[in-house]
Every structure is written in structure tokens, then in C-alpha cells.
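**Q** Structure in C-alpha cells, see below.
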Amino acid sequence: MPGLPSARPIRVALTCLLAAAALAACGGDDDGDDTPEVDARPVDASPPDAAVDPCMALCTCAADFCDDEVATCLTACASLDDSVITCRIEHCGYAQTNPSFHCPHVAGDPDAPGVPAECIQE
């Protein structure tokens, strides 16, 4: 229809606004550099199913996306609190698209930049 504005620019602007809000809600990049980090799972990715066996879910995911050894991970996981395992499983979902940033979160590395306290067990 002549005289009506196109909906495409509005959709593009709304999509950009929602994407920026989603990244801000995820915590973003805490490593101090200005390189943007991707903190979102792709549409077809999800964290592993922890309902079956949380340690197996974590360690299988970590082996697939973070090059961890399942047996070593299972041994370490046995002594972790449930909340720590849950955090690491969540970040393993993120590691599917950004392993360099999120694999230290999966491992709970206290010396790596941006690792949430919830993923670390002292």
C-alpha cells in the first residue's frame, strides 16, 4: 500500500534490540577486552539432560565441546555440589557455540576470566 512504512526496518530494529538485551542478561564478556563474546545457544542446541545423570550429562557434553576426558571429569564431578554441576551444565550448553570462552566455566577454573562463582567449588 502506498504511503505505509515497510515493516522490515521495524523488525530489524526490534531483532537487534532483543539480541542486545539477551546478551546483557547473560552476563556478557567479563574478560576485560573489547571482543564481543557470544553467550547464547543456537536455536537447535540445549544443555545436556541432567535429569538422567547430572555428572554423565556434564562430562559427555564437556568431552564433546571442551575436549575433556569423560573418566577424569566423572571422577572430579563426584565431589561437586549439585548447584555447581547445574552451573557447569548450563555453561556447557553455551560452549557449543563459544567453547574458548565457556569451557573454563565448564571446568570451574577459578583463574580463568569471567567464570561465574556458581561454577567454582573451593
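Note on naming: chains are A, B, ... as they come in the C-alpha cells, residues start from 1 per chain, ligands start from 1 in the order shown.
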Can you tell me which residues surround Cys77 of chain A at a distance of at most 12 Å, considering only C-alpha atoms, apart from same-chain residues fewer than 4 positions away, and format the answer as a PyMOL selection string?
**A** chain A and resi 53-60+62+69-73+81-86+88-89+106-108+119-121
**Q** Take atom CA of Val115 of chain A and atom CA of Thr75 of chain A and report the distance between them in Å, one decimal.
**A**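 It comes out at 21.2 Å.
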